[in-house]
Amino acid sequence: MSQPEYTTAQTNALTNHDRKPIHIPGSIQPHGILLALSTQLEIQQVSNNTQVYLCKAPEDLLGQPLSYLLEPQPVEIVKQCLVKKVGSANTFKVLINTLYGEIYFDAIAHRTEEAVILELEPTDSESEVSFLSFHALAGEAIAKMQSTSNLVEFLHLVAEEVQKIIGFDRVMVYQFDESEAGSVVAEVKREDLSPYLGLHYPATDIPAQARELYTRCFLRFIPDLTAESIKLIPTENPTTHQHLDLSYCLLRSFDWCCTEYHQNMGVKALLVISIIQEQKLWGLISCHHQTPKNVSYEVLKMCEFLGQIVSSELAHKISYSEWDYKVKLKSLQSEFLESISQADNFIDALIKPEIRLLDLVSASGAAVCLDNEINLVGATPNIHEVQALIEWADTQVSDNLFSTDSLPKLYQEALIFKDTASGLLLLRISKVRRYYILWFRPEVIQTVHWAGNPQESIQAQADGSYTLSPRKSFEQWQETVRLTSLPWKPCELDSAIALRNAIVGIVLSKADELAKINLELERSNQELASFAYAASHDLKEPLRGIYNFSTVLLEDYAQVLDDDGIECLQTVVALSVRMETLINALLRLSQLGQAQLRVQATDLNELLNQVIDVFRASRQDSGLVDIRIPRPLPTVLCDRVLVNEVFSNLLGNAFKYNDKAEQWVEIGYFSQEAGGQGDKGTRGQGDKENNQSPITFYIRDNGIGIPHHHLETIFRLFKRLHSQEKYGGGAGAGLAIVKKIVELHNGKIWVKSTVGVGSMFYFTLE
């Protein structure tokens, strides 16, 4: 059976087995008796062995009150279970008079949802073990286990101390991994037995239902795996008409699969103690004996208590063994996040110095993806492979954090880069944008030692289904595991999540700061526009007075002025004209800042004809003007008056800054029409809805050109590249006004130019 076939068969077999209701077997082990009581403590069900222990047939007990069998004091103890939560137990000694004489029993009473269950096991002891005696028996074992901080040594001591208490042939500590398979991590055994230490066991050996019961009931004891189970009478509970839930019963009978499995190992008696970590089943203390062996109830309670101590101490041992590594990650995390929060460039902060991003989760490579920009760090697949991997993750991964130590088994294309990325830890930073961080680990070829061939536990049936069948061989069986990396530790996953939370927090903080700055900037811009409008408007009146009085002096008092005086007045007139030009430009720009667009469908051919007519009328050499329009312009949604100003400014500049004998200007546009449509039709807001690119207009000339380092600065207010005397002067505000108008239309403007050859201005109107 191939690995994929085995995995599928294992899943189906486990599913079929987990449907078996092993918590309601309808029977118990024969070394005790069981009574199911109603909430009025009336006997509703009994095990079919009461004649053996009590000299009373089941029929004699059914329907009787509990007081028929027990004295008032033990009845009161059982009654207390009615106010306790499900699973809570009361334990006590009880004396029952039978035809055989007085017999002492260890009694365990606990609640289910609908009933109270009382288990009775005969005992030779008349009195309960005192606390001091219990402490003397368990205290030494606890002291030894607490004396070491080394996890491996601690687990060996656990096995050693449990064996001293119960005297079984073999005691193992068994640990589950993420796949629910397990391995023996500590063992104490009889010298002649084959070792199981270091061997692995598939998840099928302890199916999910059994693991769930171990999580609820911390102790499982079977003194004789060959003993016949005892049926309950009646089979169904009269109140619920269901089989009785025996999840918390120490006497619960065992599944045939469990019997055959352990008998194939040569085991006749079994004791299992649960080890719980963070409310999950971490592992088991599994005790085997080659012959049937009974253990007193006091010793069992001591073992259960030790299991709770082990569960408590284990957290400290694991924490201690991982403490240094966790401290290192926390320290690195703190430094890393601080540098990110203070950085101006987010990408640089993440990948420089690159080692920090890798050390954060002990990875050998990483990829940082922000939309379509991908930065690679360390040993990674190439950029195209990472892009394809992210495409796969977009559709297959829904969680913010995803990890695997065997990526090629999930994503077949990863086979080609298994040497760098057999392990993947993926962190999604945003669900709106494609923001990812991916960490990679290389393939690590491992040899796993199994206790027998794990595939032997899966048996194919005639109908094509698969069932679990106890394995017969537990001889060491080796498997070479490929296409896997070292597994990602929980603290590494926590480190990745902490990074995401910090990044989100930093981004939100930056967004808040930016929002405040934008509000302040908007307020300042409004105030500045209002000031510019008021100032320029108010300045025009005194400026007009200066111009008028200077003109009057020149016209009426020229004869009384000498040449220097006349020249000074002429300069005042020229400067006032220049200043009025600047004020008008400033006033126009401030008006645009407060303007509301009057958008309408505008035929640009008609608009451009008007612009050209005005232009020709204003130039004496209009006969030399060559204006080329290769094809008709489209109709667009825009503010007709403002766009007229755009074409007027750009057309005027094209001829103004031109020293060629034969001057020409070409006006046209580029567009991407869908579905082979023509160039005609209204374009504008509809383009967004249809996801079409906006039209790009251009005005090209054969003028003097613009130096490359001035291509951005020419759009600044009052920016001129030449002196006032050259190229007809001007305020240097035309292109700033054009840029403002284009931006009001949510468009953009840019220029390409070659000195001495000409310029080409582009702009869009979205």
# chains A, B, ... in the order shown; residues from 1 in each chain; ligands from 1
$ residues_around --residues "region 113-120 of chain A" --least-positions-apart "5" --cutoff "9 Å" --atoms "only C-alpha atoms" --output "PyMOL selection string"
chain A and resi 32-39+41+78-79+81-82+85-86+94+105-108+239-240+244-246+249-251
$ write_last_selection --atoms "C-alpha atoms" --output "PDB file, in the first residue's frame"
ATOM      1  CA  GLY A  32     -16.612  -5.839  40.979  1.00  0.00           C
ATOM      2  CA  ILE A  33     -20.314  -5.064  40.735  1.00  0.00           C
ATOM      3  CA  LEU A  34     -22.197  -2.022  39.439  1.00  0.00           C
ATOM      4  CA  LEU A  35     -25.554  -0.495  40.358  1.00  0.00           C
ATOM      5  CA  ALA A  36     -27.279   2.256  38.373  1.00  0.00           C
ATOM      6  CA  LEU A  37     -29.580   4.372  40.555  1.00  0.00           C
ATOM      7  CA  SER A  38     -32.358   6.828  39.730  1.00  0.00           C
ATOM      8  CA  THR A  39     -32.309  10.343  41.182  1.00  0.00           C
ATOM      9  CA  LEU A  41     -31.676   6.322  44.603  1.00  0.00           C
ATOM     10  CA  VAL A  78     -24.176   8.401  47.631  1.00  0.00           C
ATOM     11  CA  LYS A  79     -26.991  10.944  47.842  1.00  0.00           C
ATOM     12  CA  CYS A  81     -23.498  12.916  44.304  1.00  0.00           C
ATOM     13  CA  LEU A  82     -26.872  14.307  43.176  1.00  0.00           C
ATOM     14  CA  LYS A  85     -21.275  17.869  38.560  1.00  0.00           C
ATOM     15  CA  VAL A  86     -21.148  14.976  36.115  1.00  0.00           C
ATOM     16  CA  VAL A  94     -18.764   0.090  52.958  1.00  0.00           C
ATOM     17  CA  PHE A 105     -16.111  -3.093  49.552  1.00  0.00           C
ATOM     18  CA  ASP A 106     -14.323  -0.120  48.053  1.00  0.00           C
ATOM     19  CA  ALA A 107     -17.217   2.038  46.868  1.00  0.00           C
ATOM     20  CA  ILE A 108     -17.107   4.678  44.125  1.00  0.00           C
ATOM     21  CA  THR A 239     -35.320   6.121  32.446  1.00  0.00           C
ATOM     22  CA  THR A 240     -33.376   7.006  29.303  1.00  0.00           C
ATOM     23  CA  LEU A 244     -25.730   3.365  30.363  1.00  0.00           C
ATOM     24  CA  ASP A 245     -22.850   5.838  29.954  1.00  0.00           C
ATOM     25  CA  LEU A 246     -19.855   4.214  31.691  1.00  0.00           C
ATOM     26  CA  CYS A 249     -16.499   3.924  35.568  1.00  0.00           C
ATOM     27  CA  LEU A 250     -13.355   2.167  36.715  1.00  0.00           C
ATOM     28  CA  LEU A 251     -15.077  -1.180  36.083  1.00  0.00           C
TER      29      LEU A 251
END
$ residues_around --residues "region 164-181 of chain A" --least-positions-apart "2" --cutoff "6 Å" --atoms "only C-alpha atoms" --output "list in words"
Ala159, Glu161, Val162, Ser183, Val184, Val185, Ala186, Glu187, Val188, Lys189, Arg190, Tyr201, Pro202, Ala203, Trp282, Gly283, Leu284, Ile285, Ser286, Cys287, His288 and His289 of chain A
$ atom_distance --atom1 "CA of Pro195 (chain A)" --atom2 "CA of Cys258 (chain A)"
20.7 Å
$ closest_residue --among "A:Leu62, A:Ile437, A:Val158, A:Ala421" --to "Ile390 (chain A)" --atoms "only C-alpha atoms"
A:Ile437
$ atom_distance --atom1 "CA of Leu735 (chain A)" --atom2 "CA of Thr764 (chain A)"
14.8 Å
$ residues_around --residues "Arg500 (chain A)" --least-positions-apart "6" --cutoff "8 Å" --atoms "only C-alpha atoms" --output "list in words"
Leu427, Arg428 and Ile429 of chain A
$ residues_around --residues "region 63-73 of chain A" --least-positions-apart "3" --cutoff "6 Å" --atoms "only C-alpha atoms" --output "ChimeraX atom specification"
/A:41-44,76
$ atom_distance --atom1 "CA of Val272 (chain A)" --atom2 "CA of Pro223 (chain A)"
11.3 Å
$ closest_residue --among "A:Arg598, A:His243, A:Arg441, A:Lys330" --to "Ile22 (chain A)" --atoms "only C-alpha atoms"
A:His243
$ select_by_dssp --residues "region 139-188 of chain A" --states "strand (DSSP E or B)" --output "list in words"
Arg170, Val171, Met172, Val173, Tyr174, Gln175, Phe176, Gly182, Ser183, Val184, Val185, Ala186, Glu187 and Val188 of chain A
